[in-house]
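Peer 1: Got target13.txt for you, compact mmCIF, C-alpha atoms and all ligand atoms:
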```
# COMPACT_ATOMS: atom_id res chain seq x y z
CA MET E 1 0.00 0.00 0.00
CA LYS E 2 1.04 3.58 -0.59
CA LEU E 3 0.27 6.58 1.62
CA TYR E 4 0.43 10.06 0.11
CA TYR E 5 1.44 12.40 2.91
CA SER E 6 2.83 15.78 3.79
CA PRO E 7 5.26 15.94 6.76
CA GLY E 8 3.43 16.63 10.04
CA ALA E 9 0.05 17.13 8.33
CA CYS E 10 -3.07 15.13 9.24
CA SER E 11 -1.63 12.30 7.11
CA LEU E 12 0.66 11.56 10.06
CA SER E 13 -2.38 9.92 11.68
CA PRO E 14 -2.79 7.06 9.13
CA HIS E 15 1.01 6.81 8.93
CA ILE E 16 1.13 6.14 12.69
CA VAL E 17 -1.76 3.68 12.41
CA ALA E 18 -0.05 1.69 9.63
CA ARG E 19 3.13 1.44 11.72
CA GLU E 20 1.22 0.53 14.91
CA ALA E 21 -0.65 -2.13 12.91
CA GLY E 22 2.60 -3.52 11.47
CA LEU E 23 1.29 -3.15 7.92
CA PRO E 24 3.67 -2.82 4.97
CA LEU E 25 3.44 0.73 3.66
CA THR E 26 5.40 2.93 1.31
CA THR E 27 5.05 6.68 1.59
CA VAL E 28 4.97 9.34 -1.12
CA ARG E 29 5.58 12.93 -0.06
CA VAL E 30 3.26 15.55 -1.52
CA ASP E 31 3.80 19.28 -1.69
CA THR E 32 0.21 20.40 -1.06
CA LYS E 33 1.01 24.00 -2.08
CA ASN E 34 2.04 23.23 -5.65
CA ARG E 35 0.18 19.87 -5.70
CA LYS E 36 3.15 17.84 -6.83
CA THR E 37 4.44 14.54 -5.54
CA GLU E 38 8.10 14.15 -4.60
CA SER E 39 8.76 12.75 -8.10
CA GLY E 40 7.09 15.77 -9.73
CA ASP E 41 3.80 14.09 -10.66
CA ASP E 42 0.59 16.14 -10.68
CA TYR E 43 -1.03 15.17 -7.39
CA ARG E 44 -4.47 16.35 -8.51
CA ALA E 45 -4.42 13.69 -11.22
CA ILE E 46 -3.97 11.14 -8.43
CA ASN E 47 -6.35 12.75 -5.92
CA PRO E 48 -8.71 15.38 -7.38
CA LYS E 49 -9.29 16.66 -3.83
CA GLY E 50 -5.68 17.86 -3.86
CA TYR E 51 -5.16 17.26 -0.16
CA VAL E 52 -3.55 14.52 1.93
CA PRO E 53 -3.94 11.81 3.17
CA LEU E 54 -4.64 9.38 0.36
CA LEU E 55 -4.19 5.63 0.63
CA GLU E 56 -3.58 3.61 -2.51
CA LEU E 57 -4.11 -0.13 -2.23
CA ASP E 58 -1.94 -2.65 -4.07
CA ASN E 59 -4.77 -3.14 -6.60
CA GLY E 60 -4.75 0.58 -7.37
CA VAL E 61 -7.98 1.41 -5.51
CA ARG E 62 -7.71 4.70 -3.63
CA LEU E 63 -9.27 5.81 -0.35
CA SER E 64 -9.28 9.38 0.96
CA GLU E 65 -10.47 11.05 4.20
CA GLY E 66 -8.34 10.35 7.27
CA PRO E 67 -11.11 8.94 9.52
CA ALA E 68 -12.04 6.37 6.84
CA ILE E 69 -8.42 5.46 6.09
CA VAL E 70 -7.46 4.83 9.72
CA GLN E 71 -10.46 2.52 10.24
CA TYR E 72 -9.63 0.62 7.05
CA LEU E 73 -6.04 0.13 8.23
CA ALA E 74 -7.13 -0.92 11.72
CA ASP E 75 -9.50 -3.52 10.25
CA LEU E 76 -6.66 -5.04 8.19
CA ALA E 77 -4.84 -5.85 11.42
CA PRO E 78 -7.46 -6.71 14.05
CA ALA E 79 -4.86 -8.29 16.35
CA ALA E 80 -3.35 -4.83 16.91
CA LYS E 81 -6.68 -3.74 18.47
CA LEU E 82 -6.54 -0.22 17.08
CA ALA E 83 -10.33 -0.08 16.64
CA PRO E 84 -13.21 -1.91 18.34
CA ALA E 85 -14.81 -4.55 16.12
CA ASN E 86 -17.27 -3.39 13.48
CA GLY E 87 -20.88 -3.67 14.59
CA THR E 88 -20.16 -3.13 18.28
CA PHE E 89 -21.36 -0.06 20.13
CA GLU E 90 -17.74 0.77 20.94
CA ARG E 91 -17.05 1.12 17.21
CA TYR E 92 -19.64 3.89 17.06
CA ARG E 93 -17.99 5.47 20.09
CA LEU E 94 -14.72 5.46 18.14
CA GLN E 95 -16.46 7.07 15.18
CA GLU E 96 -17.93 9.66 17.53
CA TRP E 97 -14.37 10.57 18.55
CA LEU E 98 -13.05 10.57 14.99
CA ASN E 99 -15.84 12.90 13.93
CA PHE E 100 -15.25 15.18 16.90
CA ILE E 101 -11.54 15.36 16.12
CA THR E 102 -12.07 16.03 12.43
CA SER E 103 -14.84 18.61 12.65
CA GLU E 104 -14.37 20.22 16.05
CA ILE E 105 -10.57 20.22 16.29
CA HIS E 106 -8.77 19.54 12.98
CA LYS E 107 -10.83 21.98 10.96
CA GLN E 108 -10.65 24.72 13.61
CA PHE E 109 -6.87 24.67 13.15
CA SER E 110 -7.01 25.28 9.40
CA PRO E 111 -7.58 29.09 9.65
CA LEU E 112 -4.66 29.33 12.09
CA PHE E 113 -2.32 28.18 9.30
CA ASP E 114 -3.77 30.75 6.88
CA GLY E 115 -1.31 33.63 6.53
CA THR E 116 -4.05 35.94 5.26
CA MET E 117 -6.36 35.40 8.27
CA PRO E 118 -6.45 38.47 10.58
CA GLU E 119 -5.11 37.87 14.09
CA GLU E 120 -8.49 38.81 15.63
CA ALA E 121 -10.20 36.04 13.70
CA LYS E 122 -7.47 33.59 14.61
CA GLU E 123 -8.03 34.36 18.28
CA LYS E 124 -11.68 33.33 17.87
CA PHE E 125 -10.62 29.97 16.49
CA ARG E 126 -8.10 29.54 19.32
CA ASN E 127 -10.91 30.19 21.82
CA LYS E 128 -13.11 27.64 20.10
CA LEU E 129 -10.29 25.12 20.29
CA ALA E 130 -9.75 25.93 23.98
CA GLY E 131 -13.35 24.93 24.71
CA ARG E 132 -12.86 21.63 22.87
CA PHE E 133 -9.61 21.03 24.76
CA ASP E 134 -11.49 21.41 28.07
CA LEU E 135 -13.79 18.57 26.94
CA LEU E 136 -10.80 16.40 26.04
CA VAL E 137 -9.34 16.95 29.50
CA GLU E 138 -12.57 15.65 31.07
CA GLN E 139 -12.34 12.52 28.92
CA LEU E 140 -8.65 11.92 29.62
CA GLU E 141 -8.82 12.35 33.41
CA GLY E 142 -7.86 8.92 34.75
CA ARG E 143 -7.31 7.48 31.23
CA ASP E 144 -4.10 7.08 29.25
CA TYR E 145 -5.94 7.24 25.92
CA LEU E 146 -9.32 8.50 24.70
CA MET E 147 -11.00 5.10 24.88
CA GLY E 148 -8.77 3.59 27.57
CA SER E 149 -6.34 1.73 25.32
CA PHE E 150 -4.63 3.22 22.26
CA THR E 151 -6.85 3.44 19.16
CA VAL E 152 -6.78 5.18 15.80
CA ALA E 153 -8.51 8.15 17.44
CA ASP E 154 -5.37 8.73 19.52
CA ALA E 155 -3.19 8.71 16.40
CA TYR E 156 -5.43 11.42 14.98
CA LEU E 157 -5.76 13.48 18.16
CA PHE E 158 -2.00 13.35 18.78
CA THR E 159 -1.39 14.59 15.24
CA VAL E 160 -3.68 17.60 15.49
CA LEU E 161 -2.67 18.57 19.04
CA GLY E 162 0.93 18.70 17.79
CA TRP E 163 -0.01 21.70 15.64
CA THR E 164 -0.50 23.86 18.75
CA ARG E 165 3.31 24.27 18.78
CA PHE E 166 2.98 26.40 15.63
CA THR E 167 -0.43 28.01 16.07
CA GLY E 168 -1.39 28.03 19.75
CA PRO E 169 -3.28 27.78 21.96
CA ASP E 170 -0.40 26.86 24.26
CA LEU E 171 -0.91 23.30 25.55
CA ALA E 172 0.78 24.31 28.81
CA ARG E 173 -2.72 25.52 29.84
CA TRP E 174 -3.87 21.86 29.76
CA PRO E 175 -1.24 19.72 31.56
CA VAL E 176 -3.41 16.62 31.03
CA LEU E 177 -3.24 17.16 27.26
CA GLN E 178 0.48 17.87 27.32
CA ALA E 179 1.04 14.63 29.26
CA TYR E 180 -1.16 12.80 26.74
CA VAL E 181 0.85 14.14 23.78
CA ASP E 182 4.10 13.12 25.50
CA ARG E 183 2.67 9.64 26.19
CA VAL E 184 1.67 9.09 22.56
CA ALA E 185 4.95 10.56 21.29
CA ALA E 186 6.89 8.02 23.37
CA ARG E 187 5.28 5.04 21.61
CA PRO E 188 7.97 3.33 19.51
CA GLN E 189 5.86 3.12 16.33
CA VAL E 190 4.86 6.76 16.64
CA GLN E 191 8.55 7.60 16.73
CA VAL E 192 9.13 5.46 13.64
CA ALA E 193 6.41 7.31 11.69
CA MET E 194 7.67 10.70 12.86
CA LYS E 195 11.25 9.84 11.88
CA GLU E 196 10.07 8.69 8.46
CA GLU E 197 8.44 12.11 7.98
CA GLY E 198 11.60 13.90 9.10
CA LEU E 199 9.89 15.26 12.23
CA LEU E 200 12.39 13.61 14.60
CA LYS E 201 16.12 12.94 14.24
N1 LIG D 1 -11.30 16.04 5.09
C1 LIG D 1 -9.92 15.71 4.89
C2 LIG D 1 -9.08 16.94 5.19
C3 LIG D 1 -7.63 16.69 4.91
C4 LIG D 1 -6.80 17.95 5.12
O1 LIG D 1 -7.23 18.94 5.72
N2 LIG D 1 -5.55 17.88 4.65
C5 LIG D 1 -4.66 19.03 4.73
C6 LIG D 1 -3.43 18.70 5.57
S1 LIG D 1 -3.84 18.42 7.27
C7 LIG D 1 -4.18 19.36 3.35
O2 LIG D 1 -3.68 18.53 2.63
N3 LIG D 1 -4.38 20.64 2.97
C8 LIG D 1 -3.99 21.13 1.67
C9 LIG D 1 -5.16 21.62 0.91
O3 LIG D 1 -6.30 21.59 1.39
O4 LIG D 1 -4.93 22.04 -0.20
C10 LIG D 1 -9.52 14.52 5.79
O5 LIG D 1 -10.05 14.45 6.90
O6 LIG D 1 -8.70 13.68 5.37
```
Output the file's structure in the form of structure tokens.
Ligand SMILES: N[C@@H](CCC(=O)N[C@@H](CS)C(=O)NCC(=O)O)C(=O)O
Peer 2:
Amino acid sequence: MKLYYSPGACSLSPHIVAREAGLPLTTVRVDTKNRKTESGDDYRAINPKGYVPLLELDNGVRLSEGPAIVQYLADLAPAAKLAPANGTFERYRLQEWLNFITSEIHKQFSPLFDGTMPEEAKEKFRNKLAGRFDLLVEQLEGRDYLMGSFTVADAYLFTVLGWTRFTGPDLARWPVLQAYVDRVAARPQVQVAMKEEGLLK
């Protein structure tokens, strides 16, 4: 399988999941600004959406949207227990988290990376994120991971919380979240994925 990614972007989440699942994966770096792959191919011809992540299966079939990709990967390696079994209530709980992360957290960060967005507007998005972070703290009190043990939702949440280093809000305000990020970062396969993206030495 092939994962189209951009270093440190939301594609880090499926990258982590593939490594945690022990699945064979090659990675193709994409420059999302000029929409070219590392070999100079037109990325839009590969993924008309133009953004990462994109998973390409060995038979050429492609799957986009991070929350769908991570569940697909988790289901290829059930022994790794990265997602509750399909059809169980816990699977819907996982999807509840994935949707929360994608719509309430991930997409609130996007304006903070926009150089043309006025600082006043950015502050509004930071405040919105702060409210979501308070909810995460409630969930993580007394738990190492969102659902108790590590799941694909943690790969995703870890990835997006990492962006606070560039955009704020400062995670120091939420020691529970900072400890959570440090805990996920210490996982050996998370380190492997981060090294492969050039995020760690
Ligand atoms: N809905 C998509 C959003 C993916 C997304 O926001 N990707 C960003 C990186 S984190 C990107 O490639 N942005 C470049 C662009 O939109 O042109 C998903 O959840 O996978």
Peer 1: With distances taken over only C-alpha atoms, which of E:Tyr180, E:Ser103, E:Glu90, E:Ser6 is nearest to Lys33 (chain E)?
Peer 2: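 Smallest separation from Lys33 (chain E) among the options: E:Ser6.
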Peer 1: Taking only residues of region 127-196 of chain E that have an atom at most 8 Å from an atom of region 18-26 of chain E, what is each one's shortest atom pair and its distance in Å to one decimal, using all atoms listed in the file, in chain and number order, as CSV?
Peer 2:
```
residue,atom,partner,partner_atom,distance
E:Gln189,CA,E:Glu20,CA,5.5
E:Val190,CA,E:Glu20,CA,7.4
E:Val192,CA,E:Arg19,CA,7.5
E:Ala193,CA,E:Arg19,CA,6.7
```
Peer 1: Could you list, as JSON, numbers by chain, all the residues within 10 Å of ligand LIG 1 (chain D), counting only C-alpha atoms and all ligand atoms?
Peer 2: {"E": [4, 5, 6, 7, 8, 9, 10, 11, 12, 13, 14, 30, 31, 32, 33, 34, 35, 49, 50, 51, 52, 53, 54, 63, 64, 65, 66, 67, 68, 69, 70, 98, 99, 101, 102, 103, 106, 107, 109, 110, 156, 159, 160, 163]}
Peer 1: When you draw a straight line from CA of Val184 (chain E) to CA of Phe158 (chain E), how long is it in Å?
Peer 2: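 So the answer is 6.8 Å.
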Peer 1: Give the answer as one residue: which of E:Thr167, E:Ser39, E:Asn47, E:Gln71 has the shortest atom-to-atom distance to Tyr92 (chain E), using all atoms listed in the file?
Peer 2: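 Answer, going by the shortest atom-to-atom distance: E:Gln71.
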Peer 1: Between E:Val61, E:Leu161, E:Ala79, E:Ala45, which one has atoms that come closest to Gln108 (chain E), using only C-alpha atoms?
Peer 2: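 Closest to Gln108 (chain E) of all the choices is E:Leu161.
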Peer 1: For Met147 (chain E), which residue out of E:Asn59, E:Thr37, E:Gln95, E:Asn127 is the nearest one, using all atoms listed in the file?
Peer 2: E:Gln95
Peer 1: Got a sec: who's within 12 Å of Gly60 (chain E), counting only C-alpha atoms, leaving out chain neighbours fewer than 5 positions off, as an MDAnalysis selection string?
Peer 2: chainID E and resid 1:3 46 54:55
Peer 1: Would you list the contacts of Asp134 (chain E) as an NGL selection string, taking every protein, DNA or RNA residue within 10 Å and counting only C-alpha atoms, but skipping same-chain residues closer than 6 positions in sequence?
Peer 2: :E and (173-174 or 176-177)
Peer 1: Which residue gives the smallest distance to Lys128 (chain E) among E:Ala83, E:Leu112, E:Ile105, E:Val17, with only C-alpha atoms counted?
Peer 2: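 Using only C-alpha atoms, Lys128 (chain E) sits closest to E:Ile105.
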Peer 1: Would you mind reading off the distance between CA of Val137 (chain E) and CA of Pro175 (chain E), one decimal, in Å?
Peer 2: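 For CA of Val137 (chain E) relative to CA of Pro175 (chain E), the distance reads 8.8 Å.
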Peer 1: Report, in Å with one decimal, the straight-line distance from CA of Glu120 (chain E) to CA of Asp170 (chain E).
Peer 2: 16.8 Å
